[in-house]
$ cat my_file29.cif   # mmCIF, C-alpha atoms and all ligand atoms
data_query
#
loop_
_atom_site.label_atom_id
_atom_site.label_comp_id
_atom_site.auth_asym_id
_atom_site.auth_seq_id
_atom_site.Cartn_x
_atom_site.Cartn_y
_atom_site.Cartn_z
CA MET A 1 -9.63 -29.14 -10.28
CA ASN A 2 -10.54 -27.33 -13.47
CA TRP A 3 -9.18 -28.17 -16.92
CA ILE A 4 -6.87 -25.14 -16.95
CA ILE A 5 -4.95 -26.49 -13.98
CA LYS A 6 -5.21 -30.11 -15.05
CA HIS A 7 -3.17 -29.35 -18.16
CA SER A 8 -0.88 -26.70 -16.69
CA LYS A 9 2.80 -27.03 -15.82
CA LEU A 10 1.89 -25.20 -12.61
CA ARG A 11 -0.38 -28.03 -11.45
CA ASP A 12 2.02 -29.10 -8.68
CA ILE A 13 1.91 -25.58 -7.20
CA TYR A 14 -1.87 -25.58 -7.32
CA GLU A 15 -1.81 -28.89 -5.43
CA LYS A 16 0.50 -27.42 -2.80
CA VAL A 17 -1.83 -24.46 -2.26
CA GLU A 18 -4.83 -26.79 -2.17
CA ALA A 19 -3.13 -28.88 0.51
CA GLY A 20 -2.15 -25.77 2.51
CA THR A 21 1.56 -26.36 1.90
CA ARG A 22 3.71 -23.24 1.76
CA ILE A 23 5.40 -22.67 -1.62
CA ASN A 24 9.13 -21.97 -1.65
CA GLU A 25 11.19 -19.32 -3.43
CA SER A 26 11.87 -21.47 -6.50
CA ASP A 27 8.13 -22.13 -6.84
CA ALA A 28 7.54 -18.37 -6.71
CA LEU A 29 10.16 -17.81 -9.38
CA ARG A 30 8.52 -20.43 -11.61
CA LEU A 31 5.22 -18.60 -11.19
CA PHE A 32 6.83 -15.30 -12.21
CA GLN A 33 8.47 -16.92 -15.22
CA SER A 34 5.35 -18.71 -16.41
CA GLN A 35 3.27 -17.25 -19.23
CA ASP A 36 0.24 -19.23 -18.08
CA LEU A 37 -1.79 -16.33 -16.69
CA ASN A 38 -4.97 -18.40 -16.54
CA ALA A 39 -3.36 -20.96 -14.27
CA LEU A 40 -1.76 -18.23 -12.15
CA GLY A 41 -5.16 -16.63 -11.71
CA ALA A 42 -6.72 -19.97 -10.76
CA ILE A 43 -4.05 -20.66 -8.12
CA ALA A 44 -4.23 -17.12 -6.72
CA ASN A 45 -8.01 -17.32 -6.63
CA LEU A 46 -7.86 -20.59 -4.72
CA SER A 47 -5.48 -19.04 -2.21
CA ARG A 48 -7.58 -15.89 -1.87
CA LYS A 49 -10.82 -17.83 -1.41
CA LYS A 50 -9.29 -19.92 1.36
CA LYS A 51 -8.17 -16.74 3.17
CA VAL A 52 -10.99 -14.25 2.70
CA GLY A 53 -13.79 -15.76 0.63
CA GLU A 54 -15.76 -13.65 -1.82
CA ARG A 55 -15.57 -10.26 -0.13
CA ALA A 56 -13.48 -7.42 -1.53
CA SER A 57 -12.85 -4.28 0.45
CA PHE A 58 -12.15 -0.58 0.13
CA ILE A 59 -11.61 2.22 2.64
CA VAL A 60 -13.10 5.70 2.68
CA ASN A 61 -9.94 7.67 3.30
CA ARG A 62 -8.09 10.86 2.48
CA TYR A 63 -4.44 11.34 1.67
CA ILE A 64 -2.60 14.37 3.02
CA ASN A 65 1.02 15.10 2.19
CA TYR A 66 2.27 17.58 4.79
CA SER A 67 5.24 18.56 2.61
CA ASN A 68 7.21 17.37 -0.40
CA TYR A 69 10.49 18.94 0.70
CA CYS A 70 13.04 16.21 1.26
CA ILE A 71 16.70 16.11 2.20
CA LEU A 72 17.13 12.92 0.14
CA SER A 73 17.02 12.57 -3.64
CA CYS A 74 15.95 9.00 -4.39
CA GLN A 75 16.47 8.50 -8.12
CA PHE A 76 12.98 7.09 -8.78
CA CYS A 77 11.14 9.83 -6.85
CA ALA A 78 9.24 12.55 -8.71
CA PHE A 79 7.59 13.84 -5.54
CA SER A 80 10.46 15.31 -3.56
CA LYS A 81 11.53 18.94 -4.00
CA LYS A 82 14.18 21.24 -2.62
CA LYS A 83 13.43 24.61 -1.03
CA ARG A 84 14.56 26.35 -4.22
CA ASP A 85 11.95 24.52 -6.35
CA ALA A 86 8.81 26.38 -7.35
CA ASP A 87 6.53 23.39 -6.85
CA GLY A 88 7.61 22.57 -3.31
CA PHE A 89 5.02 22.89 -0.55
CA GLU A 90 4.49 22.46 3.18
CA LEU A 91 1.27 22.64 5.16
CA THR A 92 0.69 24.15 8.55
CA VAL A 93 -1.10 22.00 11.11
CA GLU A 94 -4.10 24.34 10.75
CA GLU A 95 -4.21 23.69 6.99
CA MET A 96 -4.12 19.95 7.60
CA VAL A 97 -6.90 20.22 10.16
CA GLN A 98 -9.01 22.11 7.63
CA LYS A 99 -8.49 19.40 4.99
CA ALA A 100 -9.33 16.76 7.58
CA LYS A 101 -12.52 18.50 8.64
CA GLU A 102 -13.72 18.68 5.03
CA ALA A 103 -12.97 15.01 4.54
CA LEU A 104 -14.66 13.97 7.80
CA ALA A 105 -17.79 15.71 6.58
CA ILE A 106 -17.95 13.25 3.66
CA GLY A 107 -17.40 10.19 5.83
CA ILE A 108 -13.72 9.30 5.85
CA THR A 109 -12.51 6.93 8.55
CA GLU A 110 -8.78 7.32 7.91
CA LEU A 111 -6.19 9.96 7.13
CA HIS A 112 -3.15 8.61 5.30
CA ILE A 113 -0.28 11.02 5.87
CA VAL A 114 3.25 10.95 4.48
CA GLY A 115 5.79 13.52 3.35
CA GLY A 116 9.43 13.95 2.48
CA LEU A 117 12.20 14.19 5.08
CA HIS A 118 11.70 17.86 5.77
CA PRO A 119 14.92 19.83 6.31
CA SER A 120 13.74 22.02 9.19
CA LEU A 121 10.35 21.14 10.71
CA PRO A 122 10.86 20.23 14.38
CA PHE A 123 9.67 17.00 16.01
CA SER A 124 7.03 19.02 17.87
CA TYR A 125 5.32 19.77 14.51
CA TYR A 126 4.63 16.05 13.98
CA LEU A 127 3.32 15.56 17.52
CA GLU A 128 1.07 18.59 17.21
CA MET A 129 -0.17 17.32 13.83
CA LEU A 130 -1.15 13.96 15.31
CA ARG A 131 -2.77 15.42 18.43
CA SER A 132 -4.72 18.06 16.49
CA LEU A 133 -6.05 15.59 13.91
CA LYS A 134 -6.88 12.95 16.51
CA SER A 135 -8.88 15.47 18.51
CA LEU A 136 -11.27 15.96 15.57
CA SER A 137 -12.93 12.57 16.04
CA PRO A 138 -12.27 9.57 18.27
CA ASP A 139 -13.19 7.32 15.33
CA LEU A 140 -10.70 8.84 12.90
CA LYS A 141 -7.66 6.61 12.38
CA LEU A 142 -4.28 8.13 11.57
CA LYS A 143 -2.14 6.02 9.25
CA CYS A 144 1.08 7.95 8.94
CA PHE A 145 4.74 7.87 8.03
CA THR A 146 7.00 5.50 6.18
CA ALA A 147 9.93 3.73 7.85
CA ILE A 148 12.43 6.32 6.59
CA GLU A 149 10.29 9.11 8.04
CA ILE A 150 10.32 7.32 11.39
CA LEU A 151 14.13 7.11 11.26
CA HIS A 152 14.20 10.82 10.41
CA LEU A 153 11.90 11.63 13.34
CA ALA A 154 14.03 9.52 15.69
CA TRP A 155 17.06 11.52 14.59
CA LEU A 156 15.13 14.81 15.05
CA SER A 157 13.89 13.88 18.50
CA LYS A 158 17.26 12.45 19.57
CA GLN A 159 15.52 9.31 20.79
CA SER A 160 15.70 5.63 19.93
CA VAL A 161 13.29 4.28 17.31
CA ASP A 162 11.32 2.55 20.08
CA GLU A 163 10.98 5.76 22.08
CA THR A 164 10.04 7.74 18.98
CA LEU A 165 7.37 5.26 17.96
CA ALA A 166 5.97 5.17 21.49
CA GLU A 167 5.74 8.98 21.61
CA LEU A 168 4.04 9.14 18.19
CA LYS A 169 1.63 6.41 19.29
CA ALA A 170 0.75 8.34 22.44
CA ALA A 171 0.11 11.42 20.29
CA GLY A 172 -2.39 9.53 18.10
CA LEU A 173 -0.55 7.41 15.52
CA ASP A 174 -2.69 4.34 14.77
CA SER A 175 -0.78 2.63 11.96
CA LEU A 176 2.42 3.00 9.98
CA THR A 177 2.09 3.15 6.21
CA GLY A 178 3.87 0.55 4.09
CA GLY A 179 5.58 3.02 1.78
CA GLY A 180 9.30 3.19 1.22
CA ALA A 181 10.01 -0.53 0.93
CA GLU A 182 10.72 -0.04 -2.80
CA ILE A 183 12.77 -3.14 -3.61
CA PHE A 184 14.91 -4.64 -0.88
CA ARG A 185 17.82 -6.13 -2.87
CA ALA A 186 20.73 -3.76 -2.14
CA SER A 187 22.16 -3.81 -5.68
CA VAL A 188 18.86 -2.52 -7.12
CA ARG A 189 17.96 -0.32 -4.16
CA SER A 190 21.16 1.65 -4.60
CA GLN A 191 20.21 2.37 -8.23
CA ILE A 192 16.70 3.64 -7.49
CA ALA A 193 16.84 4.97 -3.92
CA LYS A 194 20.43 5.64 -2.96
CA GLY A 195 20.71 7.10 0.52
CA LYS A 196 17.44 5.65 1.71
CA GLU A 197 17.32 3.19 4.59
CA SER A 198 18.42 -0.39 3.96
CA ALA A 199 16.02 -3.33 3.83
CA GLU A 200 17.12 -4.31 7.33
CA GLU A 201 16.36 -0.82 8.65
CA TYR A 202 12.92 -0.76 6.97
CA LEU A 203 12.07 -4.14 8.43
CA ASP A 204 13.46 -3.21 11.85
CA VAL A 205 11.20 -0.12 12.10
CA HIS A 206 8.17 -2.27 11.27
CA ARG A 207 9.31 -5.01 13.66
CA ARG A 208 9.64 -2.53 16.52
CA TRP A 209 6.24 -1.01 15.72
CA HIS A 210 4.66 -4.46 15.71
CA GLN A 211 6.34 -5.29 19.03
CA LEU A 212 4.74 -2.16 20.49
CA GLY A 213 1.37 -3.63 19.49
CA GLY A 214 1.10 -1.54 16.32
CA ARG A 215 0.01 -2.72 12.90
CA SER A 216 1.19 -1.66 9.45
CA THR A 217 0.98 -2.48 5.78
CA CYS A 218 3.93 -3.13 3.49
CA THR A 219 4.68 -2.55 -0.17
CA MET A 220 6.93 -3.47 -3.10
CA LEU A 221 7.68 -1.12 -5.99
CA TYR A 222 7.93 -3.31 -9.10
CA GLY A 223 8.47 -2.85 -12.81
CA HIS A 224 11.67 -0.76 -12.88
CA LEU A 225 15.19 -2.24 -12.79
CA GLU A 226 14.47 -5.28 -10.65
CA SER A 227 14.37 -8.92 -11.78
CA HIS A 228 11.84 -11.57 -10.86
CA GLU A 229 14.45 -12.97 -8.46
CA ASP A 230 14.60 -9.58 -6.74
CA ARG A 231 10.83 -9.59 -6.30
CA VAL A 232 10.91 -13.07 -4.78
CA HIS A 233 13.71 -11.98 -2.42
CA HIS A 234 11.59 -8.97 -1.38
CA LEU A 235 8.48 -11.07 -0.76
CA SER A 236 10.55 -13.59 1.15
CA LEU A 237 11.83 -10.96 3.61
CA LEU A 238 8.28 -9.69 4.19
CA ARG A 239 6.98 -13.23 4.71
CA GLY A 240 9.79 -13.82 7.22
CA LEU A 241 8.92 -10.74 9.28
CA GLN A 242 5.24 -11.62 9.18
CA ASP A 243 6.09 -15.11 10.52
CA GLU A 244 7.89 -13.38 13.36
CA THR A 245 5.38 -10.64 14.34
CA SER A 246 2.03 -11.19 12.53
CA GLY A 247 1.92 -7.38 12.51
CA TYR A 248 1.18 -6.79 8.85
CA THR A 249 -2.44 -6.22 7.96
CA GLY A 250 -1.94 -6.27 4.21
CA PHE A 251 0.47 -6.11 1.29
CA ILE A 252 0.27 -3.51 -1.48
CA PRO A 253 2.30 -4.09 -4.66
CA LEU A 254 2.97 -0.72 -6.32
CA ALA A 255 3.36 -0.47 -10.10
CA TYR A 256 6.29 1.77 -11.00
CA GLN A 257 5.41 5.03 -12.79
CA PRO A 258 8.02 6.18 -15.31
CA ASP A 259 7.82 9.99 -15.53
CA ASN A 260 9.90 12.80 -14.06
CA ASN A 261 12.60 10.77 -12.40
CA GLY A 262 16.21 9.78 -12.85
CA ILE A 263 16.14 6.06 -13.59
CA PRO A 264 16.32 4.74 -17.14
CA VAL A 265 12.94 3.00 -17.44
CA LYS A 266 10.62 4.28 -20.12
CA HIS A 267 7.58 2.07 -19.70
CA PRO A 268 5.62 1.11 -16.62
CA PRO A 269 4.91 -2.58 -16.05
CA THR A 270 2.37 -4.12 -18.43
CA GLY A 271 -1.03 -5.33 -17.31
CA ALA A 272 0.11 -8.95 -17.54
CA GLU A 273 3.15 -8.22 -15.36
CA SER A 274 0.99 -6.48 -12.77
CA LEU A 275 -1.52 -9.32 -12.63
CA LYS A 276 1.31 -11.80 -12.31
CA THR A 277 2.91 -9.83 -9.47
CA ILE A 278 -0.36 -9.61 -7.57
CA ALA A 279 -1.04 -13.31 -8.11
CA VAL A 280 2.41 -14.44 -6.97
CA SER A 281 2.16 -12.14 -3.94
CA ARG A 282 -1.11 -13.76 -2.91
CA ILE A 283 0.22 -17.28 -3.40
CA PHE A 284 3.63 -16.76 -1.78
CA LEU A 285 2.51 -14.55 1.13
CA ASP A 286 0.45 -17.27 2.75
CA ASN A 287 0.64 -15.49 6.11
CA PHE A 288 -0.98 -12.28 4.81
CA GLU A 289 -4.75 -11.89 4.90
CA HIS A 290 -5.06 -9.03 2.45
CA ILE A 291 -3.53 -8.16 -0.92
CA THR A 292 -4.38 -4.79 -2.43
CA ALA A 293 -4.77 -3.88 -6.09
CA TYR A 294 -3.74 -0.21 -5.88
CA TRP A 295 -5.95 1.49 -8.43
CA VAL A 296 -3.88 4.70 -8.50
CA GLY A 297 -1.01 2.88 -10.20
CA LEU A 298 -2.98 0.20 -12.06
CA GLY A 299 -6.03 2.16 -13.17
CA ILE A 300 -9.40 1.06 -11.86
CA ASN A 301 -10.06 -1.32 -14.78
CA LEU A 302 -6.94 -3.41 -14.19
CA ALA A 303 -7.42 -3.21 -10.42
CA GLN A 304 -10.87 -4.67 -10.95
CA VAL A 305 -9.43 -7.57 -12.99
CA ALA A 306 -6.80 -8.08 -10.28
CA LEU A 307 -9.63 -9.15 -7.96
CA ASP A 308 -9.51 -12.36 -10.02
CA TYR A 309 -5.73 -12.63 -9.54
CA GLY A 310 -5.53 -12.81 -5.77
CA ALA A 311 -6.39 -9.26 -4.70
CA ASP A 312 -9.19 -8.75 -2.19
CA ASP A 313 -8.88 -5.01 -1.64
CA LEU A 314 -8.96 -1.93 -3.88
CA HIS A 315 -7.50 0.51 -1.35
CA GLY A 316 -9.36 3.78 -0.88
CA THR A 317 -11.14 6.85 -2.11
CA ILE A 318 -7.94 8.87 -1.43
CA LEU A 319 -9.32 12.30 -2.54
CA GLU A 320 -5.94 13.90 -3.27
CA GLU A 321 -3.00 11.82 -4.52
CA HIS A 322 0.33 13.47 -5.38
CA ILE A 323 3.13 10.93 -5.31
CA PHE A 324 2.04 8.66 -8.19
CA HIS A 325 0.59 11.50 -10.23
CA MET A 326 3.83 13.49 -10.12
CA ALA A 327 5.46 10.34 -11.52
CA GLY A 328 3.01 10.08 -14.41
CA ALA A 329 -0.03 8.14 -13.18
CA ASP A 330 -3.00 9.03 -15.40
CA SER A 331 -5.71 7.76 -13.07
CA PRO A 332 -8.01 10.31 -11.37
CA GLN A 333 -6.87 11.68 -8.02
CA ALA A 334 -9.91 10.30 -6.23
CA ARG A 335 -12.61 7.63 -6.46
CA THR A 336 -16.05 7.90 -4.96
CA GLU A 337 -17.48 5.23 -2.68
CA LYS A 338 -20.01 4.51 -5.37
CA GLU A 339 -17.30 3.85 -7.94
CA MET A 340 -15.45 1.52 -5.58
CA ILE A 341 -18.61 -0.42 -4.81
CA GLN A 342 -19.51 -0.66 -8.48
CA ALA A 343 -16.03 -1.84 -9.50
CA ILE A 344 -16.09 -4.59 -6.86
CA ARG A 345 -19.64 -5.64 -7.57
CA GLU A 346 -19.06 -5.83 -11.33
CA ALA A 347 -16.11 -8.13 -10.63
CA GLY A 348 -18.57 -10.52 -9.00
CA ARG A 349 -17.49 -9.88 -5.42
CA THR A 350 -19.25 -8.55 -2.36
CA PRO A 351 -18.16 -4.97 -1.59
CA VAL A 352 -17.12 -4.20 1.97
CA GLN A 353 -16.19 -0.84 3.38
CA ARG A 354 -13.33 -1.55 5.78
CA ASP A 355 -11.40 0.35 8.41
CA THR A 356 -7.64 0.89 8.68
CA PHE A 357 -7.18 -2.60 10.13
CA TYR A 358 -9.31 -4.26 7.40
CA GLN A 359 -12.23 -4.79 9.77
CA PRO A 360 -15.60 -4.51 8.00
CA ILE A 361 -17.65 -1.35 8.57
CA ARG A 362 -20.43 -1.98 6.05
CA VAL A 363 -21.17 -4.93 3.80
CA PHE A 364 -23.03 -4.21 0.57
CA ASN A 365 -24.81 -7.50 0.09
CA ASP A 366 -27.81 -6.47 -1.87
CA PRO A 367 -27.39 -4.62 -5.17
CA VAL A 368 -31.06 -3.55 -5.26
CA ASN A 369 -31.44 -2.26 -1.71
CA SER A 370 -27.83 -1.20 -1.49
CA GLU A 371 -26.69 0.67 1.60
CA GLU A 372 -24.80 3.10 -0.58
CA SER A 373 -27.96 5.19 -1.01
CA ARG A 374 -27.77 5.95 2.70
CA GLN A 375 -24.16 7.08 2.62
CA PRO A 376 -22.99 10.68 2.65
CA GLN A 377 -22.05 12.16 -0.70
CA SER A 378 -18.41 11.48 -1.58
CA ALA A 379 -16.17 14.00 -3.32
CA GLU A 380 -15.86 13.67 -7.05
CA ALA A 381 -12.48 13.46 -8.71
S1 LIG B 401 11.20 8.59 -1.95
FE1 LIG B 401 10.81 9.63 0.03
S2 LIG B 401 12.85 9.75 0.96
FE2 LIG B 401 13.21 9.39 -1.23
S3 LIG B 401 13.41 11.43 -2.15
FE3 LIG B 401 11.24 10.83 -2.34
S4 LIG B 401 10.25 11.74 -0.55
FE4 LIG B 401 12.48 11.72 -0.13
#
$ encode --input "my_file29.cif" --output "structure tokens" --more "lines below"
Ligand code: SF4
Amino acid sequence: MNWIIKHSKLRDIYEKVEAGTRINESDALRLFQSQDLNALGAIANLSRKKKVGERASFIVNRYINYSNYCILSCQFCAFSKKKRDADGFELTVEEMVQKAKEALAIGITELHIVGGLHPSLPFSYYLEMLRSLKSLSPDLKLKCFTAIEILHLAWLSKQSVDETLAELKAAGLDSLTGGGAEIFRASVRSQIAKGKESAEEYLDVHRRWHQLGGRSTCTMLYGHLESHEDRVHHLSLLRGLQDETSGYTGFIPLAYQPDNNGIPVKHPPTGAESLKTIAVSRIFLDNFEHITAYWVGLGINLAQVALDYGADDLHGTILEEHIFHMAGADSPQARTEKEMIQAIREAGRTPVQRDTFYQPIRVFNDPVNSEESRQPQSAEA
């Protein structure tokens, strides 16, 4: 035990983690309310090391938003548009295939695809999208749709959620995305995402997907109107579902972006608040292998520091991000493989290129004879 922990009021929680004892909700709240960032980092690091060791991963992926038209108007959302708006868009399947082909040529292993709840596209559009993209490469993984999109597609197809998920899976869907969880507490959810699915509905879609043998990630949007208690409540529901299904591959805390939306928050969460949230997530979610520091919302510098606060993943190269940038994110829209490897290596960790399910594809052990020199050229931001 180092001197930071020895003299910290959080020492008992460190000892619980060391002994492999699960912390409870009041422990998690104490962690959130503590100003002892050094101790939080030490506890999160201990937890992370026990789970995944010294590796830190990234994925070579591409985002595609098929459309930003949406029949809902979540107050926090800067992405969604109505048909009358000049900056609305929708892609044909052919346009998506073209984007995918360009990205495959630079080595992506995953397409990450979400959109708004489109007012008129038929269910057949989504099936054709999956089939067409899947046919480009047997190795390409399709990580698509949030829980609310799945509910929308079930309504469109006039099928149950189980039947809808099974049909999407047969068409090529490999993983659900974790987006749309926002914050589960109903009193806050109604202020930032009124009309969206409830926490129970979000969790039920993921539960059903997991029961079909599927895997997914999950998220939490933090730093807006929610309290620390609300964050603990959110994490607790995710931990509960993971106990039940073991279907989550990773957790991605998302830092709220304050621009172009209808909720009264002027400042995004501070760096200290983000590090704290990542650290508590790692410590509390003892049944999750992977915690991501999402560089789009944090910036790559803070994401790099977060690798010392429980994170073991920096997400992906992305290539074209819209949702966070329309809400004010000032990070680039893409990161090259080289930048991801450098950020991880400079943080003292071993870079690993992973697949959609966090399985290693390449390990970059040796900084001198690095494998990155043998990789295809990645797109620049
Ligand atoms: S968050 Fe999703 S469901 Fe809500 S308005 Fe935006 S695109 Fe639509």
$ residues_near_ligand --input "my_file29.cif" --ligand "ligand LIG 401 (chain B)" --cutoff "7 Å" --atoms "all atoms listed in the file" --output "list in words"
Asn68, Cys70, Ile71, Leu72, Ser73, Cys74, Cys77, Ala78, Phe79, Ser80, Gly115, Gly116, Leu117, Ile148, Gly180, Ala193 and Lys196 of chain A
$ write_last_selection --input "my_file29.cif" --atoms "C-alpha atoms" --output "compact mmCIF listing (two decimals), in the frame of the given file"
# COMPACT_ATOMS: atom_id res chain seq x y z
CA ASN A 68 7.21 17.37 -0.40
CA CYS A 70 13.04 16.21 1.26
CA ILE A 71 16.70 16.11 2.20
CA LEU A 72 17.13 12.92 0.14
CA SER A 73 17.02 12.57 -3.64
CA CYS A 74 15.95 9.00 -4.39
CA CYS A 77 11.14 9.83 -6.85
CA ALA A 78 9.24 12.55 -8.71
CA PHE A 79 7.59 13.84 -5.54
CA SER A 80 10.46 15.31 -3.56
CA GLY A 115 5.79 13.52 3.35
CA GLY A 116 9.43 13.95 2.48
CA LEU A 117 12.20 14.19 5.08
CA ILE A 148 12.43 6.32 6.59
CA GLY A 180 9.30 3.19 1.22
CA ALA A 193 16.84 4.97 -3.92
CA LYS A 196 17.44 5.65 1.71
$ closest_residue --input "my_file29.cif" --among "A:Met220, A:Ala272, A:Ile192, A:Ala329" --to "Gln75 in chain A" --atoms "all atoms listed in the file"
A:Ile192
$ closest_residue --input "my_file29.cif" --among "A:Val296, A:Ala39, A:Val205, A:Leu46" --to "Ser160 in chain A" --atoms "all atoms listed in the file"
A:Val205
$ atom_distance --input "my_file29.cif" --atom1 "CA of Glu229 in chain A" --atom2 "CA of Glu182 in chain A"
14.6 Å
$ residues_around --input "my_file29.cif" --residues "range 231-238 of chain A" --least-positions-apart "6" --cutoff "10 Å" --atoms "only C-alpha atoms" --output "JSON, numbers by chain"
{"A": [24, 25, 26, 27, 28, 29, 32, 181, 182, 183, 184, 185, 199, 200, 203, 218, 219, 220, 221, 222, 223, 244, 248, 251, 277, 280, 281, 284, 285, 287, 288]}
$ residues_near_point --input "my_file29.cif" --point "(-6.7, -5.8, -3.1)" --cutoff "6 Å" --atoms "all atoms listed in the file" --output "ChimeraX atom specification"
/A:291-293,311-314
$ residues_around --input "my_file29.cif" --residues "Gly172 in chain A" --least-positions-apart "6" --cutoff "6 Å" --atoms "only C-alpha atoms" --output "PyMOL selection string"
chain A and resi 130-131+134
$ closest_residue --input "my_file29.cif" --among "A:Lys194, A:His228, A:Lys276, A:Lys141" --to "Ile43 in chain A" --atoms "all atoms listed in the file"
A:Lys276
$ atom_distance --input "my_file29.cif" --atom1 "CA of Ile323 in chain A" --atom2 "CA of Leu111 in chain A"
15.6 Å
$ closest_atom_pairs --input "my_file29.cif" --of "range 274-378 of chain A" --to "range 253-259 of chain A" --cutoff "6 Å" --atoms "all atoms listed in the file" --output "tab-separated table"
residue	atom	partner	partner_atom	distance
A:Gly297	CA	A:Ala255	CA	5.5
A:Ala327	CA	A:Asp259	CA	4.7
A:Gly328	CA	A:Asp259	CA	4.9
$ write_last_selection --input "my_file29.cif" --atoms "C-alpha atoms" --output "PDB file, keeping the file's coordinate frame"
ATOM      1  CA  GLY A 297      -1.010   2.880 -10.200  1.00  0.00           C
ATOM      2  CA  ALA A 327       5.460  10.340 -11.520  1.00  0.00           C
ATOM      3  CA  GLY A 328       3.010  10.080 -14.410  1.00  0.00           C
TER       4      GLY A 328
END
$ atom_distance --input "my_file29.cif" --atom1 "CA of Asp174 in chain A" --atom2 "CA of Val363 in chain A"
23.4 Å
$ axis_aligned_box --input "my_file29.cif" --around "range 251-260 of chain A" --padding-each-side "5 Å" --output "JSON"
{"center_x": 5.1, "center_y": 3.3, "center_z": -7.1, "size_x": 19.6, "size_y": 28.9, "size_z": 26.8}
$ closest_residue --input "my_file29.cif" --among "A:Leu151, A:Ile59, A:Leu225, A:Leu10" --to "Tyr358 in chain A" --atoms "all atoms listed in the file"
A:Ile59
$ residues_near_point --input "my_file29.cif" --point "(-9.5, -15.4, -7.6)" --cutoff "6 Å" --atoms "all atoms listed in the file" --output "list in words"
Ala44, Asn45, Asp308, Tyr309 and Gly310 of chain A
$ closest_residue --input "my_file29.cif" --among "A:Arg354, A:Arg239, A:Lys169, A:Lys338" --to "Phe145 in chain A" --atoms "all atoms listed in the file"
A:Lys169
$ closest_residue --input "my_file29.cif" --among "A:Gly262, A:Gly107, A:Gly213, A:Gly179" --to "Gln353 in chain A" --atoms "all atoms listed in the file"
A:Gly107
$ build_atoms --input "my_file29.cif" --residues "range 315-326 of chain A" --atoms "N, CA and C atoms" --output "tab-separated table (two decimals), in the coordinates of the input"
chain	number	residue	atom	x	y	z
A	315	HIS	N	-7.99	-0.68	-2.04
A	315	HIS	CA	-7.50	0.51	-1.35
A	315	HIS	C	-8.63	1.52	-1.17
A	316	GLY	N	-8.36	2.84	-1.37
A	316	GLY	CA	-9.36	3.78	-0.88
A	316	GLY	C	-9.80	4.85	-1.85
A	317	THR	N	-10.63	5.74	-1.30
A	317	THR	CA	-11.14	6.85	-2.11
A	317	THR	C	-10.08	7.94	-2.30
A	318	ILE	N	-9.19	8.08	-1.36
A	318	ILE	CA	-7.94	8.87	-1.43
A	318	ILE	C	-8.11	10.39	-1.50
A	319	LEU	N	-8.94	10.87	-2.40
A	319	LEU	CA	-9.32	12.30	-2.54
A	319	LEU	C	-8.23	13.22	-3.09
A	320	GLU	N	-6.97	13.00	-2.75
A	320	GLU	CA	-5.94	13.90	-3.27
A	320	GLU	C	-4.60	13.16	-3.28
A	321	GLU	N	-4.24	12.59	-4.43
A	321	GLU	CA	-3.00	11.82	-4.52
A	321	GLU	C	-1.95	12.64	-5.26
A	322	HIS	N	-0.75	12.73	-4.72
A	322	HIS	CA	0.33	13.47	-5.38
A	322	HIS	C	1.47	12.59	-5.87
A	323	ILE	N	1.86	11.61	-5.06
A	323	ILE	CA	3.13	10.93	-5.31
A	323	ILE	C	3.14	10.19	-6.65
A	324	PHE	N	2.09	9.39	-6.92
A	324	PHE	CA	2.04	8.66	-8.19
A	324	PHE	C	1.75	9.59	-9.36
A	325	HIS	N	0.94	10.61	-9.11
A	325	HIS	CA	0.59	11.50	-10.23
A	325	HIS	C	1.77	12.36	-10.66
A	326	MET	N	2.64	12.73	-9.72
A	326	MET	CA	3.83	13.49	-10.12
A	326	MET	C	4.80	12.60	-10.90
